[in-house]
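Q: Please see the structure below; I have some questions.
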Amino acid sequence: MKISSLRKKVCLVITFLSLLFAPFLNAQSVDINFGADLVSSYVWRGYKNAGASFQPALSASISGFSLGAWASTDFTSKEGKKEVDFTAAYNNSGFKLAVTDYWWDGEGQERYFSNPLEGNNGHYLETTLGYTLPETFPLSITWNTFVLGKGNKKENGKNSYSTFIELAYPFSVSGVDMGISTGFTPWESAVYGTDGFKFTSIALNASKSIKVTDSFSLPIFGNIICNPNLEDIHFVFGISFK
């Protein structure tokens with residue numbers, strides 16, 4: 001399937017879902033979230049995608065169903081790397097099902113992140129299945145698989161079904177919200193550039209709100225992310241505006 005054809009179909013699906021969702025937007029049960037993060041660098045699943053970036057997000061949810069949009073724009077490099085993602089998801093009793101359209105296209109995307117084959121530009125479609133255990137032990141397990149995408153093919157032209165499995169556990173220390181996570185590719189992946197089972201992300205994160213005035217606090221966060229596959233490490237600092 002050509003990327004241009006896929007793009008049109010994805011856009012039509014997103015438009016249809018938005019129109020289907022619109023009649024419920026005035027209902028009191030609809031939860032609308034809008035905000036943005038400012039990060040020192042954009043690191044995704046252990047791979048640095050861009051430098052300092054601005055990342056807005058918008059979502060609407062009702063009865064476990066949600067539609068969301070997320071974007072990232074690098075404002076420090078000459079290329080101005082850009083990404084826009086759309087996600088449709090359903091959450092219920094700890095289970096999560098989602099489909100995400102990644103748009104790695106537009107200006108500055110010729111070398112969006114390291115891909116050994118064709119470069120990771122264009123549309124990519126990913127399916128997600130996740131489960132979070134009860135609050136007594138809130139470990140979450142997420143399985144993500146790319147089913148469509150230009151750079152998702154092996155050298156022989158077959159779909160590699162690039163998969164990333166992540167385990168994450170949140171906790172709190174002295175009033176600071178923290179979490180630890182790890183993610184790996186279970187088999188050869190064209191998207192992540194691995195030749196089999198490889199850990200690409202081991203991360204420790206922390207977040208807290210700094211009180212500025214009696215009525216205003218500024219949420220900040222920090223992530224230390226190690227990519228054993230690339231023998232690389234990142235320390236990301238961010239500010240949230242939500």
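Scheme for the structure tokens: letters A, B, ... for chains in order shown; per-chain residue numbers from 1; ligand numbers from 1 in order shown.
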Could you make a table, as a Markdown table, of the residues of region 65-94 of chain A that have an atom within 12 Å of an atom of region 132-136 of chain A, each with its nearest atom pair and distance in Å to one decimal, counting only C-alpha atoms, in chain and number order?
A:
```
| residue | atom | partner | partner_atom | distance |
| --- | --- | --- | --- | --- |
| A:Asn91 | CA | A:Thr132 | CA | 10.3 |
| A:Asn92 | CA | A:Thr132 | CA | 10.1 |
| A:Ser93 | CA | A:Thr132 | CA | 8.4 |
| A:Gly94 | CA | A:Thr132 | CA | 4.8 |
```
Q: Just N, CA and C atoms for this one: save the residues we selected as an mmCIF file, in the first residue's frame.
A:
```cif
data_model
loop_
_atom_site.group_PDB
_atom_site.id
_atom_site.type_symbol
_atom_site.label_atom_id
_atom_site.label_comp_id
_atom_site.auth_asym_id
_atom_site.auth_seq_id
_atom_site.Cartn_x
_atom_site.Cartn_y
_atom_site.Cartn_z
ATOM 1 N N ASN A 91 -10.065 2.155 27.169
ATOM 2 C CA ASN A 91 -9.536 1.690 28.449
ATOM 3 C C ASN A 91 -10.667 1.192 29.329
ATOM 4 N N ASN A 92 -10.467 0.034 29.937
ATOM 5 C CA ASN A 92 -11.495 -0.519 30.827
ATOM 6 C C ASN A 92 -10.877 -1.542 31.769
ATOM 7 N N SER A 93 -11.051 -1.341 33.068
ATOM 8 C CA SER A 93 -10.601 -2.287 34.083
ATOM 9 C C SER A 93 -9.129 -2.662 33.937
ATOM 10 N N GLY A 94 -8.313 -1.670 33.613
ATOM 11 C CA GLY A 94 -6.881 -1.903 33.492
ATOM 12 C C GLY A 94 -6.424 -2.301 32.103
#
```
Q: Can you tell me, as a PyMOL selection string, which residues in region 8-240 of chain A count as strand (DSSP E or B) by DSSP?
A: chain A and resi 31-39+42-44+47-50+53-62+65-74+82-92+95-104+122-132+140-149+153+159+163-173+176-185+189+194+198-213+216-227+232-240
Q: For CA of Asp101 (chain A) and CA of Tyr124 (chain A), quote the distance in Å rounded to one decimal.
A: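 Pair CA of Asp101 (chain A) / CA of Tyr124 (chain A) returns 5.8 Å.
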Q: Between CA of Trp103 (chain A) and CA of Thr73 (chain A), what is the distance, to one decimal in Å?
A: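 These two atoms are separated by 12.2 Å.
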Q: Name all residues at most 10 Å from Asn227 (chain A) (count only C-alpha atoms; drop same-chain ones fewer than 4 positions away) and give them as a PyMOL selection string.
A: chain A and resi 45-48+182-184+198-203+231-234
